Structure formats: C-alpha cells, structure tokens
Amino acid sequence: MKMTTKWTVKGKYVIITGVTSGIGLAAAKELAIRGANLGIVARNQSKANEVAAQLKAIAGHNITVDIFVADMSSQQSIRLAAADILGRWPKIDILINNAGAMFVTRELTVDDIENTWAVNHLAPFLLTKLLLERLMENEHARIITTASHGHKMAKKGIRFDDLSAEGFYNFPQSLMGGANFRYGETKLANIMFTAELGRRLEGTGITASCFDPGLVATNFNQDNGWLARLTMAVMKWFSRTPEKGAETLVWLADCDEMAVSNGSYYKDMQSISPSEAAQNKDSARRLWEVSEAQIRRKQSQTIG
C-alpha cells in the first residue's frame, strides 16, 4: 500500500488575493499562524506592507511574506504580477482567489470590460491560467476561489448575450438592484469556473474548490455611496465575523487531501449543492470558452 504524507499548509507557499481586509486578511493571519509562506497580491503597496508586517509578527517572523502589486481590474497588471510571482518562486502550492468587488454604477475597465465581471471573474480566471503550469509541477496543489450564496440571484444563469452588463444597470439604482444582480452573476461564474476547472484537472493532482463564506461583516461595498454604506451597516447586525467567514477557506487550504472533492462548492466545511444554474455543465464549458476569448483578445491587442 502506498504511504502518503498528511497534507499541511506549514511550509507551503500560498498566493492569496484580496488580503488587506475582511476574510482575506483573517485567512492570511490564520495561515501564517499555521506556518504557511505567503505571497500576498494587493493593489495598494502601503496597505500590503502593513499586512505583511502583521503576518510576520503573528508568525514570529518564521515565515516568508512576499508582496505582489496588481490592479485586479487590469489584465496587463495581473500578467505583470504573475510574471513576478513566477520569477521569484519556483514552487506554488496553493492559489487563493479571494479578491472581489461590487460597483453600483456600470463602469468599464482599461480593457473595456465591465468592472465587476473583470475583478470578480476574469481576474481569478486569468491569474489561475497564468500560474497553472507552476502549480501542476507539484504532486498536489490547490486552487480555492471565494464564491457566495449571492450566486442564487442569477437565476437565469450567465447572460452570455449581455456580458458587458448594459441590461443589468437598468434596475432602479436607488435600490442597487443592477449592482446586486451583476454581483450575483459573477459569483455564479466563480462556481462554474471552479466546476469546469475541476473537470479539466482530473488526474493531475490539483484540486479546485470554491466556497460560500456566508454574510460577513467586512469593508466590502464601502466605496459605492451612502446607501451602500448604510445597507452594509445594517447587514453587519446579522453578519459573521471575518474570522468565522474565513474558516472554510482555511480548512480548504489545510485539510486532508481526501476531504475535498474536485470542482465542488463548500459552506461551513461541508460540500453543498449550488443553484441549478451553477450545475449546468454546458454553460460552464461555454463560460470557459468566452473567458478565454476575453483574455486572449486583450493580449493580442497588447502584442499588436
């Protein structure tokens, strides 16, 4: 019988995005305590420096904490950060796609892609693609993506005929209707991306999973005006702490290999079924192809 070594994050190298606040920061702290070496991807250098100092202090300076600066709304910025990661680290054990955002008004990125879609879906899709070969050099590696129960708002699935979200923002802005539905669609995309990635990685030793952190009291949605801030303030009365929200993320990173099913969706450290739309395999394959086209188009434009 083949003997296997119990998996642990201690000594592993973990890339994590969205780490300067909320569940990303809570997860990074717990992973640091458990002895993981961390590569934190952040947009703000000064905030990242503060977080890196906190993580080293928590771990007693016995871990490595690297900073990689990237604007997750810019494909060029993500590509540069990925190149930096690959140039500095010969081995990556875990990739955690945690960065996310919601925008009340429809905005386009420098790549002419709607902002919420770019940050919440295309950014983790692109970063995963760029780091995948390095992850595959391991006997075992993990890719974890932060999804949400909010994916259930996208009852009709991915609206492939409106990827630029022009129709979403026709909802009453005073109620943030369009923003909420668009956010839900991107979280649906996270789950479908994970499922399709898991199918593509079968037999490789890499496990792809995603999770619902629950309703968490964080700084999320604080830059979208007074109504958004008021809504989040009210929701905090019913919310989990960031530490509680991060529990499943940390568990997915640190649990035994046999505990996680490839391509699955988790909540409270248990595999659960997402919405019916999220289980549509044909849509998941189509989403992958569309996403490939969106990142390839921009890359060809840049090269040209």
# chains A, B, ... in the order shown; residues from 1 in each chain; ligands from 1

$ residues_around --residues "stretch 71-85 of chain A" --least-positions-apart "2" --cutoff "6 Å" --atoms "only C-alpha atoms" --output "PyMOL selection string"
chain A and resi 43+68+87-89+118-119+123

$ select_by_dssp --residues "stretch 61-295 of chain A" --states "strand (DSSP E or B)" --output "ChimeraX atom specification"
/A:65-69,94-97,108,114,141-146,206-212,216,240,264-267,270-272

$ residues_around --residues "stretch 184-189 of chain A" --least-positions-apart "2" --cutoff "7 Å" --atoms "only C-alpha atoms" --output "PyMOL selection string"
chain A and resi 117+120-121+147-148+150-154+158+180-182+191-193+278

$ write_last_selection --atoms "all heavy atoms" --output "short mmCIF file (atom, residue, chain, number, x, y, z; two decimals), in the first residue's frame"
data_model
loop_
_atom_site.label_atom_id
_atom_site.label_comp_id
_atom_site.auth_asym_id
_atom_site.auth_seq_id
_atom_site.Cartn_x
_atom_site.Cartn_y
_atom_site.Cartn_z
N TRP A 117 -17.43 42.21 -13.45
CA TRP A 117 -17.07 40.98 -14.17
C TRP A 117 -15.55 40.83 -14.24
O TRP A 117 -15.01 39.74 -14.04
CB TRP A 117 -17.67 41.02 -15.57
CG TRP A 117 -17.44 39.80 -16.41
CD1 TRP A 117 -16.50 39.63 -17.37
CD2 TRP A 117 -18.19 38.58 -16.38
NE1 TRP A 117 -16.60 38.39 -17.95
CE2 TRP A 117 -17.64 37.73 -17.36
CE3 TRP A 117 -19.28 38.14 -15.62
CZ2 TRP A 117 -18.13 36.44 -17.59
CZ3 TRP A 117 -19.77 36.86 -15.85
CH2 TRP A 117 -19.19 36.03 -16.83
N ASN A 120 -14.19 40.20 -10.41
CA ASN A 120 -14.67 39.01 -9.71
C ASN A 120 -14.51 37.71 -10.48
O ASN A 120 -14.33 36.65 -9.88
CB ASN A 120 -16.15 39.17 -9.35
CG ASN A 120 -16.38 40.25 -8.31
OD1 ASN A 120 -15.44 40.87 -7.82
ND2 ASN A 120 -17.64 40.47 -7.96
N HIS A 121 -14.57 37.78 -11.80
CA HIS A 121 -14.46 36.54 -12.59
C HIS A 121 -13.20 36.48 -13.44
O HIS A 121 -12.41 35.54 -13.32
CB HIS A 121 -15.67 36.35 -13.48
CG HIS A 121 -15.47 35.26 -14.49
ND1 HIS A 121 -15.19 33.95 -14.12
CD2 HIS A 121 -15.45 35.28 -15.86
CE1 HIS A 121 -15.02 33.22 -15.22
NE2 HIS A 121 -15.16 34.00 -16.28
N ALA A 147 -16.52 32.27 -3.49
CA ALA A 147 -17.79 32.48 -4.17
C ALA A 147 -18.77 33.11 -3.18
O ALA A 147 -18.35 33.83 -2.27
CB ALA A 147 -18.32 31.15 -4.72
N SER A 148 -20.05 32.87 -3.32
CA SER A 148 -21.04 33.48 -2.43
C SER A 148 -22.41 32.85 -2.64
O SER A 148 -22.74 32.42 -3.75
CB SER A 148 -21.13 34.99 -2.70
OG SER A 148 -22.23 35.57 -2.03
N GLY A 150 -24.76 34.60 -2.85
CA GLY A 150 -25.35 35.59 -3.75
C GLY A 150 -25.47 35.11 -5.18
O GLY A 150 -26.19 35.72 -5.99
N HIS A 151 -24.79 34.00 -5.51
CA HIS A 151 -24.90 33.48 -6.88
C HIS A 151 -26.32 33.07 -7.21
O HIS A 151 -26.70 33.00 -8.38
CB HIS A 151 -23.95 32.28 -7.05
CG HIS A 151 -24.48 30.99 -6.49
ND1 HIS A 151 -24.35 30.64 -5.16
CD2 HIS A 151 -25.15 29.95 -7.08
CE1 HIS A 151 -24.90 29.46 -4.96
NE2 HIS A 151 -25.40 29.02 -6.11
N LYS A 152 -27.14 32.83 -6.18
CA LYS A 152 -28.52 32.40 -6.41
C LYS A 152 -29.38 33.50 -6.99
O LYS A 152 -30.48 33.24 -7.49
CB LYS A 152 -29.09 31.87 -5.11
CG LYS A 152 -28.40 30.60 -4.62
CD LYS A 152 -29.00 30.08 -3.32
CE LYS A 152 -28.28 28.81 -2.88
NZ LYS A 152 -28.82 28.28 -1.61
N MET A 153 -28.91 34.75 -6.94
CA MET A 153 -29.65 35.85 -7.56
C MET A 153 -29.67 35.72 -9.08
O MET A 153 -30.57 36.23 -9.75
CB MET A 153 -29.05 37.20 -7.16
CG MET A 153 -29.30 37.58 -5.71
SD MET A 153 -28.76 39.28 -5.35
CE MET A 153 -26.98 39.07 -5.40
N ALA A 154 -28.66 35.05 -9.62
CA ALA A 154 -28.57 34.89 -11.08
C ALA A 154 -29.34 33.64 -11.49
O ALA A 154 -28.77 32.64 -11.94
CB ALA A 154 -27.11 34.81 -11.51
N ILE A 158 -25.70 32.64 -16.59
CA ILE A 158 -24.86 33.68 -17.18
C ILE A 158 -25.56 34.24 -18.41
O ILE A 158 -25.98 33.49 -19.30
CB ILE A 158 -23.49 33.12 -17.58
CG1 ILE A 158 -22.77 32.48 -16.37
CG2 ILE A 158 -22.63 34.23 -18.19
CD1 ILE A 158 -22.44 33.43 -15.26
N ASN A 180 -26.47 44.48 -7.54
CA ASN A 180 -26.63 43.23 -6.81
C ASN A 180 -26.76 42.04 -7.76
O ASN A 180 -26.16 40.98 -7.55
CB ASN A 180 -27.87 43.30 -5.90
CG ASN A 180 -27.60 44.07 -4.64
OD1 ASN A 180 -26.53 43.97 -4.06
ND2 ASN A 180 -28.57 44.86 -4.20
N PHE A 181 -27.56 42.20 -8.81
CA PHE A 181 -27.74 41.11 -9.76
C PHE A 181 -26.44 40.81 -10.52
O PHE A 181 -26.13 39.66 -10.80
CB PHE A 181 -28.88 41.41 -10.72
CG PHE A 181 -30.24 41.17 -10.13
CD1 PHE A 181 -31.02 42.22 -9.67
CD2 PHE A 181 -30.74 39.88 -10.01
CE1 PHE A 181 -32.26 42.00 -9.10
CE2 PHE A 181 -31.98 39.63 -9.45
CZ PHE A 181 -32.75 40.70 -8.99
N ARG A 182 -25.72 41.85 -10.87
CA ARG A 182 -24.44 41.66 -11.56
C ARG A 182 -23.44 40.95 -10.66
O ARG A 182 -22.73 40.04 -11.09
CB ARG A 182 -23.88 43.00 -12.03
CG ARG A 182 -22.56 42.90 -12.78
CD ARG A 182 -22.66 41.97 -14.01
NE ARG A 182 -21.62 42.25 -14.97
CZ ARG A 182 -21.42 41.54 -16.09
NH1 ARG A 182 -22.20 40.52 -16.36
NH2 ARG A 182 -20.46 41.87 -16.93
N ILE A 191 -18.37 29.80 -9.33
CA ILE A 191 -18.71 28.41 -9.07
C ILE A 191 -18.59 27.58 -10.35
O ILE A 191 -18.05 26.46 -10.34
CB ILE A 191 -20.13 28.31 -8.49
CG1 ILE A 191 -20.19 29.04 -7.14
CG2 ILE A 191 -20.54 26.84 -8.31
CD1 ILE A 191 -21.59 29.18 -6.56
N MET A 192 -19.06 28.13 -11.46
CA MET A 192 -19.00 27.40 -12.72
C MET A 192 -17.56 27.27 -13.22
O MET A 192 -17.16 26.23 -13.78
CB MET A 192 -19.87 28.12 -13.76
CG MET A 192 -21.34 28.10 -13.40
SD MET A 192 -22.36 29.18 -14.44
CE MET A 192 -22.34 28.28 -15.97
N PHE A 193 -16.77 28.30 -13.00
CA PHE A 193 -15.34 28.24 -13.33
C PHE A 193 -14.66 27.13 -12.53
O PHE A 193 -13.87 26.34 -13.07
CB PHE A 193 -14.69 29.60 -13.03
CG PHE A 193 -13.20 29.55 -12.82
CD1 PHE A 193 -12.34 29.17 -13.83
CD2 PHE A 193 -12.65 29.90 -11.59
CE1 PHE A 193 -10.96 29.13 -13.64
CE2 PHE A 193 -11.28 29.88 -11.38
CZ PHE A 193 -10.44 29.48 -12.40
N ALA A 278 -25.90 26.91 -11.55
CA ALA A 278 -24.48 26.69 -11.33
C ALA A 278 -24.05 25.27 -11.70
O ALA A 278 -22.86 25.01 -11.88
CB ALA A 278 -24.14 26.96 -9.87
#

$ atom_distance --atom1 "atom CA of A:Gln294" --atom2 "atom CA of A:Arg142"
24.6 Å

$ residues_around --residues "A:Val41" --least-positions-apart "4" --cutoff "12 Å" --atoms "only C-alpha atoms" --output "ChimeraX atom specification"
/A:14-20,24-25,28,45,47-49,51-52,65-72,77-78,80-82,84-85,95-99,123-124,127

$ atom_distance --atom1 "atom CA of A:Lys156" --atom2 "atom CA of A:Ala277"
6.8 Å

$ select_by_dssp --residues "stretch 109-231 of chain A" --states "helix (DSSP H, G or I)" --output "NGL selection string"
:A and (115-135 or 149-153 or 160-162 or 168-170 or 173-175 or 177-200 or 226-231)

$ atom_distance --atom1 "atom CA of A:Glu196" --atom2 "atom CA of A:Asp256"
22.4 Å

$ decode --residues "stretch 71-102 of chain A" --atoms "N, CA and C atoms" --output "CSV table (one decimal), in the first residue's frame"
chain,number,residue,atom,x,y,z
A,71,ASP,N,-3.4,45.5,-9.9
A,71,ASP,CA,-4.8,46.0,-10.0
A,71,ASP,C,-5.6,44.9,-10.7
A,72,MET,N,-6.5,44.3,-10.0
A,72,MET,CA,-7.3,43.1,-10.5
A,72,MET,C,-8.3,43.5,-11.6
A,73,SER,N,-8.4,44.8,-11.9
A,73,SER,CA,-9.3,45.2,-13.0
A,73,SER,C,-8.5,45.3,-14.3
A,74,SER,N,-7.2,45.2,-14.2
A,74,SER,CA,-6.3,45.3,-15.4
A,74,SER,C,-5.7,44.0,-15.7
A,75,GLN,N,-5.9,43.5,-16.9
A,75,GLN,CA,-5.3,42.3,-17.3
A,75,GLN,C,-3.8,42.4,-17.4
A,76,GLN,N,-3.3,43.5,-17.9
A,76,GLN,CA,-1.9,43.7,-18.0
A,76,GLN,C,-1.2,43.7,-16.6
A,77,SER,N,-1.9,44.3,-15.6
A,77,SER,CA,-1.3,44.4,-14.3
A,77,SER,C,-1.3,43.0,-13.7
A,78,ILE,N,-2.3,42.2,-14.0
A,78,ILE,CA,-2.3,40.8,-13.5
A,78,ILE,C,-1.2,40.0,-14.1
A,79,ARG,N,-1.0,40.2,-15.4
A,79,ARG,CA,0.1,39.4,-16.1
A,79,ARG,C,1.4,39.8,-15.6
A,80,LEU,N,1.6,41.1,-15.3
A,80,LEU,CA,2.9,41.5,-14.7
A,80,LEU,C,3.1,40.9,-13.3
A,81,ALA,N,2.1,40.9,-12.5
A,81,ALA,CA,2.2,40.3,-11.2
A,81,ALA,C,2.5,38.8,-11.2
A,82,ALA,N,1.8,38.1,-12.2
A,82,ALA,CA,2.0,36.7,-12.3
A,82,ALA,C,3.5,36.4,-12.8
A,83,ALA,N,4.0,37.2,-13.7
A,83,ALA,CA,5.4,37.1,-14.1
A,83,ALA,C,6.3,37.3,-12.9
A,84,ASP,N,6.0,38.2,-12.1
A,84,ASP,CA,6.8,38.5,-10.9
A,84,ASP,C,6.8,37.3,-10.0
A,85,ILE,N,5.6,36.7,-9.8
A,85,ILE,CA,5.5,35.5,-8.9
A,85,ILE,C,6.3,34.4,-9.5
A,86,LEU,N,6.2,34.1,-10.7
A,86,LEU,CA,6.9,33.0,-11.4
A,86,LEU,C,8.4,33.2,-11.4
A,87,GLY,N,8.8,34.5,-11.5
A,87,GLY,CA,10.2,34.8,-11.5
A,87,GLY,C,10.9,34.6,-10.1
A,88,ARG,N,10.1,34.8,-9.0
A,88,ARG,CA,10.6,34.8,-7.7
A,88,ARG,C,10.4,33.5,-6.9
A,89,TRP,N,9.4,32.7,-7.3
A,89,TRP,CA,9.1,31.5,-6.6
A,89,TRP,C,9.1,30.3,-7.5
A,90,PRO,N,9.9,29.3,-7.4
A,90,PRO,CA,10.0,28.1,-8.2
A,90,PRO,C,8.8,27.1,-7.9
A,91,LYS,N,8.1,27.3,-6.8
A,91,LYS,CA,7.1,26.4,-6.4
A,91,LYS,C,5.9,27.1,-5.8
A,92,ILE,N,4.7,26.8,-6.2
A,92,ILE,CA,3.5,27.4,-5.7
A,92,ILE,C,2.6,26.2,-5.3
A,93,ASP,N,2.2,26.1,-4.0
A,93,ASP,CA,1.4,25.0,-3.5
A,93,ASP,C,-0.1,25.3,-3.6
A,94,ILE,N,-0.5,26.6,-3.3
A,94,ILE,CA,-1.9,26.9,-3.1
A,94,ILE,C,-2.1,28.3,-3.8
A,95,LEU,N,-3.2,28.4,-4.6
A,95,LEU,CA,-3.6,29.7,-5.1
A,95,LEU,C,-5.0,30.0,-4.5
A,96,ILE,N,-5.1,31.1,-3.8
A,96,ILE,CA,-6.4,31.5,-3.3
A,96,ILE,C,-6.9,32.8,-4.0
A,97,ASN,N,-8.0,32.6,-4.8
A,97,ASN,CA,-8.6,33.8,-5.5
A,97,ASN,C,-9.7,34.4,-4.6
A,98,ASN,N,-9.3,35.4,-3.9
A,98,ASN,CA,-10.3,35.9,-2.9
A,98,ASN,C,-10.7,37.3,-3.2
A,99,ALA,N,-10.0,38.1,-4.0
A,99,ALA,CA,-10.4,39.5,-4.2
A,99,ALA,C,-11.7,39.6,-4.9
A,100,GLY,N,-12.5,40.6,-4.5
A,100,GLY,CA,-13.8,40.8,-5.1
A,100,GLY,C,-14.3,42.2,-4.9
A,101,ALA,N,-15.3,42.6,-5.7
A,101,ALA,CA,-15.8,44.0,-5.5
A,101,ALA,C,-17.2,44.0,-6.1
A,102,MET,N,-17.9,45.1,-5.8
A,102,MET,CA,-19.2,45.3,-6.5
A,102,MET,C,-19.3,46.8,-6.7
